[in-house]
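A.B. asks: Here's a structure for you.
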Amino acid sequence: MPILIEIIHIMTTRRKFIQTAGIASAALISGFHSFGSVTSRSFTSNRPEPGKRKFTSKAVDETIIKIKKTMADDELAWMFENCFPNTLDTTVTYNEIDGEPSTYVITGDIDAMWLRDSSAQIWPYLSLANQDEKLKNLLKGVVAKQTEFVLLDPYANAFYDDPNRISEWKDDFTDMKPGIHERKWEIDSLCYVIRLAHGYWKNTGDTSIFNNRWQNAMKLIVATFREQQRKGNNGSYHFQRSATSPTDTQFGRGYGNPTRKIGLIHSMFRPSDDSTIFPFLVSSNMFAVVSLKQLAEIFGSVLFNKNFEAECTLFANEIDQVLKHFAILQHPTAGEIYPLEIDGFGNALFMDDANVPNLLSLPYLGFCNSTDPLYLNTRNFSLSKANPWFNEGKYASGIGGPHVGEKRIWPLGLVMQALTSNDDNEIINCLSILKKTHAGTGFIHESFHVDNPNNFSRSWFAWANTMFGELILHLYNKKPELLKIQLG
């Protein structure tokens with residue numbers, strides 16, 4: 001009988017609003033205490049002074065002014081002004097090497113560039129690139145920098161701008177090299193590299209990024225995915241760390257728990273940088289399906305490399321079929337859903353984590369439609385007490401994860417909940433919680449305690465800040481009427 005790893009709770013549906021009360025009423029009765037709100041007299045920009053900003057984009061600044069004018073809630077507008085440009089204000093270093101852009105993007109309070117974080121941090125600026133040549137070059141430089149890092153080591157998740165810098169994790173039991181901050185193998189790191197290049201092309205029409213170095217990096221990504229199917233052997237990657245937290249190392253002498261080799265890609269770590277329990281991380285394999293299809297599109301329609309286009313298409317279809325056969329399971333209370341992790345033997349981990357890619361984010365990443373019945377059932381599970389990492393307290397309810405422990409919510413999860421919702425009341429609820437839990441700082445944090453938002457982690461976390469800005473930009477474009485509501 002399959003092992004179902006979960007904390008059993010009575011299945012409940014996620015918090016619902018009184019549908020007949022209307023959206024505006026829902027904004028006033030979110031049901032949580034207010035915490036850390038500030039008066040309108042306090043709404044002075046928390047951005048660095050113009051002369052101290054790392055990068056300035058005319059298009060971004062004009063967008064902030066334009067959108068703020070449409071927002072009825074002054075505090076939410078203030079948060080948007082602080083958060084949306086935070087990556088540009090504080091984390092980017094732009095250079096030109098041999099006349100070509102090169103952009104290093106730190107994650108915030110850690111001086112290292114994560115492939116995942118850097119892609120997500122600049123993602124909402126892509127739609128503005130053609131309005132600002134300077135911004136376009138900066139974004140192009142991120143693609144170039146990521147290409148450089150992938151060619152250095154496709155298994156690493158975070159890097160330094162200085163190729164000779166030695167990491168604090170230099171003693172990890174893996175093949176560490178100078179210039180690498182951390183070498184945790186996460187499928188999504190490479191998927192984000194593809195997503196950014198594809199998104200840059202789609203938004204700008206600029207194909208100059210698809211040079212020989214970039215093509216070599218993409219072929220290395222596909223070869224790495226193939227190696228981590230482990231059809232013949234375990235491959236070259238292994239990882240262990242002398243650590244106080246078990247989520248910072250791996251089982252099985254660094255190769256992870258055993259799997260049945262069914263064709264899925266092994267991932268030793270999740271996007272939270274926590275180790276997987278079962279190495280087939282379902283959400284990341286789904287992300288890989290999307291990424292491989294994006295590569296096929298680029299190599300087919302831009303580079304006219306039909307052989308590699310076909311290889312990527314066949315690989316994507318292979319993973320997709322295996323997911324349909326092995327990754328749709330019956331949960332004892334939630335019914336038929338996707339688990340977060342499986343091992344191919346029939347064992348599964350039923351939970352969801354706030355970090356993206358998670359199960360909640362599947363439509364956002366392009367794997368499925370937001371109205372897909374199987375996704376909706378999985379989403380209901382993720383946002384209920386059947387998910388062991390769904391937390392609810394005095395000030396908020398939402399998804400957390402083992403990276404920060406129980407009773408804590410990641411605002412990234414709240415942002416993704418809103419981005420994937422078709423329910424206006426649910427979106428308003430997420431905005432209200434985000435407004436009430438920034439602890440008076442005007443910024444979004446890594447996590448906060450459900451009973452005390454003043455107890456938060458990471459005061460400078462640019463991914464969360466910019467993704468909140470992405471949510472407001474999304475609502476401005478898709479549901480502008482929601483920004484005209486004064487939140488409770």
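Ordering of the structure tokens sets the chain letters (A, B, ...), residue numbers begin anew at 1 in every chain, and ligands are numbered from 1 in the order given.
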Which neighbours of range 320-335 of chain A fall inside 7 Å, counting only C-alpha atoms, when residues of the same chain fewer than 6 positions from it are skipped, and could you give them as an NGL selection string?
C.D. replies: :A and (11 or 263-264 or 289 or 344 or 381)
A.B. asks: Please produce an output containing C-alpha atoms for each residue in the selection, written as a short mmCIF file (atom, residue, chain, number, x, y, z; two decimals), in the first residue's frame.
C.D. replies:
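Now in result-v5.cif:
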data_model
loop_
_atom_site.label_atom_id
_atom_site.label_comp_id
_atom_site.auth_asym_id
_atom_site.auth_seq_id
_atom_site.Cartn_x
_atom_site.Cartn_y
_atom_site.Cartn_z
CA MET A 11 -10.57 18.54 5.07
CA GLY A 263 11.39 9.02 -16.83
CA LEU A 264 10.83 11.97 -14.49
CA VAL A 289 7.51 20.40 -19.50
CA GLY A 344 7.76 6.04 -8.78
CA PHE A 381 -6.14 21.04 -1.08
#
A.B. asks: Find the residues near Leu374 in chain A: any atom within 10 Å, counting only C-alpha atoms, skip ones fewer than 4 places away on the same chain, and give them as a PyMOL selection string.
C.D. replies: chain A and resi 328+335-338+368-370+378-380
A.B. asks: Name the residues in contact with range 115-130 of chain A at a cut-off of 6 Å, using only C-alpha atoms, excluding same-chain residues fewer than 3 positions from it; report them as a PyMOL selection string.
C.D. replies: chain A and resi 105+135-136+189+192+196+203-204+463+466+470
A.B. asks: Write out the residues from the selection above, keeping N, CA and C atoms, as a PDB file, in the first residue's frame.
C.D. replies:
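Output file selection-v3.pdb follows:
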ATOM      1  N   VAL A 105      22.396  40.259 -10.381  1.00  0.00           N
ATOM      2  CA  VAL A 105      21.214  40.571  -9.578  1.00  0.00           C
ATOM      3  C   VAL A 105      21.269  39.778  -8.277  1.00  0.00           C
ATOM      4  N   LEU A 135      16.455  49.995 -19.880  1.00  0.00           N
ATOM      5  CA  LEU A 135      15.903  48.847 -19.161  1.00  0.00           C
ATOM      6  C   LEU A 135      16.046  47.578 -19.992  1.00  0.00           C
ATOM      7  N   LYS A 136      15.785  47.675 -21.274  1.00  0.00           N
ATOM      8  CA  LYS A 136      15.912  46.519 -22.159  1.00  0.00           C
ATOM      9  C   LYS A 136      17.325  45.943 -22.119  1.00  0.00           C
ATOM     10  N   SER A 189      15.655  25.941 -11.166  1.00  0.00           N
ATOM     11  CA  SER A 189      16.675  26.951 -11.458  1.00  0.00           C
ATOM     12  C   SER A 189      16.901  27.069 -12.962  1.00  0.00           C
ATOM     13  N   TYR A 192      13.770  28.423 -14.901  1.00  0.00           N
ATOM     14  CA  TYR A 192      13.635  29.880 -14.841  1.00  0.00           C
ATOM     15  C   TYR A 192      14.547  30.573 -15.853  1.00  0.00           C
ATOM     16  N   LEU A 196      12.944  33.050 -18.639  1.00  0.00           N
ATOM     17  CA  LEU A 196      13.334  34.447 -18.797  1.00  0.00           C
ATOM     18  C   LEU A 196      13.721  34.750 -20.241  1.00  0.00           C
ATOM     19  N   ASN A 203       8.452  39.484 -25.422  1.00  0.00           N
ATOM     20  CA  ASN A 203       8.083  40.862 -25.105  1.00  0.00           C
ATOM     21  C   ASN A 203       8.810  41.887 -25.959  1.00  0.00           C
ATOM     22  N   THR A 204      10.022  41.582 -26.397  1.00  0.00           N
ATOM     23  CA  THR A 204      10.829  42.572 -27.107  1.00  0.00           C
ATOM     24  C   THR A 204      11.000  42.273 -28.590  1.00  0.00           C
ATOM     25  N   TRP A 463      12.724  39.336  -4.315  1.00  0.00           N
ATOM     26  CA  TRP A 463      11.793  38.501  -5.071  1.00  0.00           C
ATOM     27  C   TRP A 463      10.358  38.770  -4.609  1.00  0.00           C
ATOM     28  N   THR A 466       9.167  42.437  -5.577  1.00  0.00           N
ATOM     29  CA  THR A 466       8.859  42.653  -6.991  1.00  0.00           C
ATOM     30  C   THR A 466       7.649  41.833  -7.422  1.00  0.00           C
ATOM     31  N   GLU A 470       4.317  42.826  -9.277  1.00  0.00           N
ATOM     32  CA  GLU A 470       3.771  42.113 -10.435  1.00  0.00           C
ATOM     33  C   GLU A 470       2.273  41.874 -10.279  1.00  0.00           C
TER      34      GLU A 470
END
A.B. asks: Using only C-alpha atoms, pick whichever of A:Thr107, A:Ser384, A:Asn452, A:Asn82 has the shortest atom-to-atom distance to Lys407 in chain A.
C.D. replies: A:Asn452
A.B. asks: Ranking A:Glu81, A:Glu309, A:Glu297, A:Glu341 by minimum distance to Thr276 in chain A and counting only C-alpha atoms, which one comes first?
C.D. replies: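 Ranked by minimum distance to Thr276 in chain A, first place goes to A:Glu341.
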A.B. asks: What residues in range 252-487 of chain A get the DSSP label alpha helix (DSSP H)? Please answer as a PyMOL selection string.
C.D. replies: chain A and resi 282-301+306-326+362-365+373-382+411-419+424-436+462-478
A.B. asks: Given the selection you just returned, output its residues as a file containing C-alpha atoms, formatted as an mmCIF file, in the first residue's frame.
C.D. replies:
data_model
loop_
_atom_site.group_PDB
_atom_site.id
_atom_site.type_symbol
_atom_site.label_atom_id
_atom_site.label_comp_id
_atom_site.auth_asym_id
_atom_site.auth_seq_id
_atom_site.Cartn_x
_atom_site.Cartn_y
_atom_site.Cartn_z
ATOM 1 C CA VAL A 282 6.083 17.040 -9.404
ATOM 2 C CA SER A 283 5.643 20.811 -9.742
ATOM 3 C CA SER A 284 9.210 21.235 -11.005
ATOM 4 C CA ASN A 285 8.801 18.440 -13.544
ATOM 5 C CA MET A 286 5.664 20.218 -14.747
ATOM 6 C CA PHE A 287 7.700 23.419 -15.042
ATOM 7 C CA ALA A 288 10.254 21.448 -17.090
ATOM 8 C CA VAL A 289 7.507 20.396 -19.504
ATOM 9 C CA VAL A 290 6.679 24.062 -20.120
ATOM 10 C CA SER A 291 10.349 25.035 -20.412
ATOM 11 C CA LEU A 292 11.197 22.312 -22.905
ATOM 12 C CA LYS A 293 8.270 23.386 -25.085
ATOM 13 C CA GLN A 294 9.554 26.963 -24.931
ATOM 14 C CA LEU A 295 12.999 25.802 -26.015
ATOM 15 C CA ALA A 296 11.419 23.856 -28.874
ATOM 16 C CA GLU A 297 9.638 27.019 -30.007
ATOM 17 C CA ILE A 298 12.841 29.075 -29.964
ATOM 18 C CA PHE A 299 15.010 26.492 -31.695
ATOM 19 C CA GLY A 300 12.308 25.807 -34.251
ATOM 20 C CA SER A 301 10.985 29.255 -35.180
ATOM 21 C CA LYS A 306 14.733 21.258 -36.290
ATOM 22 C CA ASN A 307 16.644 18.379 -34.707
ATOM 23 C CA PHE A 308 16.950 20.077 -31.322
ATOM 24 C CA GLU A 309 13.389 21.364 -31.609
ATOM 25 C CA ALA A 310 12.206 17.769 -32.042
ATOM 26 C CA GLU A 311 14.393 16.561 -29.167
ATOM 27 C CA CYS A 312 12.918 19.136 -26.790
ATOM 28 C CA THR A 313 9.359 18.414 -27.921
ATOM 29 C CA LEU A 314 9.749 14.663 -27.465
ATOM 30 C CA PHE A 315 11.360 15.171 -24.050
ATOM 31 C CA ALA A 316 8.509 17.439 -22.917
ATOM 32 C CA ASN A 317 5.914 14.933 -24.113
ATOM 33 C CA GLU A 318 7.729 12.083 -22.354
ATOM 34 C CA ILE A 319 7.669 13.854 -18.986
ATOM 35 C CA ASP A 320 4.068 14.968 -19.489
ATOM 36 C CA GLN A 321 2.891 11.421 -20.143
ATOM 37 C CA VAL A 322 4.733 10.051 -17.113
ATOM 38 C CA LEU A 323 3.164 12.752 -14.930
ATOM 39 C CA LYS A 324 -0.303 11.798 -16.156
ATOM 40 C CA HIS A 325 0.360 8.152 -15.324
ATOM 41 C CA PHE A 326 2.154 8.487 -11.973
ATOM 42 C CA LEU A 362 0.786 25.682 -12.236
ATOM 43 C CA PRO A 363 -1.447 28.016 -14.329
ATOM 44 C CA TYR A 364 0.881 30.962 -13.686
ATOM 45 C CA LEU A 365 3.764 28.969 -15.145
ATOM 46 C CA PRO A 373 -10.762 20.633 -12.658
ATOM 47 C CA LEU A 374 -7.739 18.636 -11.465
ATOM 48 C CA TYR A 375 -5.815 21.819 -10.786
ATOM 49 C CA LEU A 376 -8.762 23.339 -8.926
ATOM 50 C CA ASN A 377 -9.069 20.273 -6.736
ATOM 51 C CA THR A 378 -5.341 20.416 -6.017
ATOM 52 C CA ARG A 379 -5.616 24.140 -5.342
ATOM 53 C CA ASN A 380 -8.415 23.541 -2.825
ATOM 54 C CA PHE A 381 -6.142 21.043 -1.084
ATOM 55 C CA SER A 382 -3.186 23.453 -1.057
ATOM 56 C CA PRO A 411 3.658 36.319 1.327
ATOM 57 C CA LEU A 412 4.857 34.789 -1.957
ATOM 58 C CA GLY A 413 2.112 32.227 -1.438
ATOM 59 C CA LEU A 414 -0.498 34.933 -0.917
ATOM 60 C CA VAL A 415 0.645 36.721 -4.074
ATOM 61 C CA MET A 416 0.475 33.488 -6.068
ATOM 62 C CA GLN A 417 -2.950 32.705 -4.608
ATOM 63 C CA ALA A 418 -4.197 36.028 -5.959
ATOM 64 C CA LEU A 419 -2.453 35.647 -9.327
ATOM 65 C CA ASP A 424 -12.520 38.647 -7.031
ATOM 66 C CA ASN A 425 -13.336 38.243 -3.354
ATOM 67 C CA GLU A 426 -10.421 35.880 -2.858
ATOM 68 C CA ILE A 427 -8.084 38.343 -4.556
ATOM 69 C CA ILE A 428 -9.328 41.175 -2.344
ATOM 70 C CA ASN A 429 -8.780 38.997 0.711
ATOM 71 C CA CYS A 430 -5.170 38.323 -0.316
ATOM 72 C CA LEU A 431 -4.551 42.042 -0.875
ATOM 73 C CA SER A 432 -6.070 42.842 2.520
ATOM 74 C CA ILE A 433 -3.806 40.328 4.266
ATOM 75 C CA LEU A 434 -0.722 41.647 2.474
ATOM 76 C CA LYS A 435 -1.678 45.176 3.494
ATOM 77 C CA LYS A 436 -2.194 44.208 7.134
ATOM 78 C CA ALA A 462 13.557 41.495 -3.490
ATOM 79 C CA TRP A 463 11.793 38.501 -5.071
ATOM 80 C CA ALA A 464 8.787 38.964 -2.771
ATOM 81 C CA ASN A 465 8.788 42.737 -3.207
ATOM 82 C CA THR A 466 8.859 42.653 -6.991
ATOM 83 C CA MET A 467 6.329 39.844 -7.205
ATOM 84 C CA PHE A 468 3.901 41.889 -5.149
ATOM 85 C CA GLY A 469 4.460 44.649 -7.691
ATOM 86 C CA GLU A 470 3.771 42.113 -10.435
ATOM 87 C CA LEU A 471 0.418 41.316 -8.815
ATOM 88 C CA ILE A 472 -0.610 44.975 -8.784
ATOM 89 C CA LEU A 473 0.511 45.379 -12.406
ATOM 90 C CA HIS A 474 -1.472 42.252 -13.321
ATOM 91 C CA LEU A 475 -4.609 43.598 -11.639
ATOM 92 C CA TYR A 476 -4.177 46.981 -13.332
ATOM 93 C CA ASN A 477 -4.142 45.215 -16.710
ATOM 94 C CA LYS A 478 -6.722 42.487 -16.052
#
A.B. asks: Check the DSSP output for the backbone and give back, as a ChimeraX atom specification, the residues of range 299-438 of chain A in strand (DSSP E or B).
C.D. replies: /A:329-331,335-337,341-342,348-349,390-392,397-399,401,405,408-409
A.B. asks: Mind checking which residues fall within 10 Å of Ala72 in chain A, counting only C-alpha atoms, ignoring those fewer than 3 positions away in the same chain, and posting them as a ChimeraX atom specification?
C.D. replies: /A:68-69,75-77,481-487
A.B. asks: Restrict the selected residues to C-alpha atoms and save them as a PDB file, in the first residue's frame.
C.D. replies:
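That gives us part_30.pdb:
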ATOM      1  CA  LYS A  68      -0.936  54.704  -8.218  1.00  0.00           C
ATOM      2  CA  LYS A  69      -3.399  57.223  -9.631  1.00  0.00           C
ATOM      3  CA  GLU A  75      -1.490  52.261   1.844  1.00  0.00           C
ATOM      4  CA  LEU A  76      -1.586  49.596  -0.866  1.00  0.00           C
ATOM      5  CA  ALA A  77      -0.442  52.200  -3.417  1.00  0.00           C
ATOM      6  CA  GLU A 481     -11.817  47.641 -10.835  1.00  0.00           C
ATOM      7  CA  LEU A 482     -10.250  45.800  -7.881  1.00  0.00           C
ATOM      8  CA  LEU A 483      -7.682  48.543  -7.422  1.00  0.00           C
ATOM      9  CA  LYS A 484     -10.487  51.062  -7.035  1.00  0.00           C
ATOM     10  CA  ILE A 485     -11.540  49.470  -3.743  1.00  0.00           C
ATOM     11  CA  GLN A 486     -10.604  50.840  -0.343  1.00  0.00           C
ATOM     12  CA  LEU A 487      -9.436  47.795   1.593  1.00  0.00           C
TER      13      LEU A 487
END
A.B. asks: Quick one: of A:Pro163, A:Gln240, A:Phe390, A:Ala144, who's nearest to Tyr200 in chain A, counting only C-alpha atoms?
C.D. replies: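 Smallest separation from Tyr200 in chain A among the options: A:Ala144.
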A.B. asks: Which of these residues is nearest to Thr420 in chain A, using only C-alpha atoms: A:Leu190, A:Leu360, A:Ile444, A:Met268?
C.D. replies: A:Leu360
A.B. asks: Rank A:Leu138, A:Met79, A:Ile106, A:Val302 by their smallest atom-to-atom distance to Ser208 in chain A, using only C-alpha atoms, and report the top residue only.
C.D. replies: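 Smallest separation from Ser208 in chain A among the options: A:Val302.
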A.B. asks: What lies within 9 Å of Lys184 in chain A using only C-alpha atoms, ignoring chain neighbours under 3 positions off, as an MDAnalysis selection string?
C.D. replies: chainID A and resid 155:158 239 268:269 273 275
A.B. asks: Please compute the CA of Ser272 in chain A-CA of Ile187 in chain A distance, one decimal, in Å.
C.D. replies: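 That distance, rounded to one decimal, is 11.9 Å.
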A.B. asks: Show me, as a ChimeraX atom specification, the residues that have an atom within 10 Å of Gln215 in chain A when counting only C-alpha atoms, minus same-chain residues fewer than 4 positions from it.
C.D. replies: /A:147,209-211,219-221,295,299,303
A.B. asks: Using only C-alpha atoms, which residue out of A:Trp214, A:Phe350, A:Phe149, A:Trp201 lies closest to Glu182 in chain A?
C.D. replies: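 The closest residue to Glu182 in chain A is A:Phe149.
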A.B. asks: What gap, in Å, lies between CA of His181 in chain A and CA of Asn164 in chain A?
C.D. replies: 11.0 Å
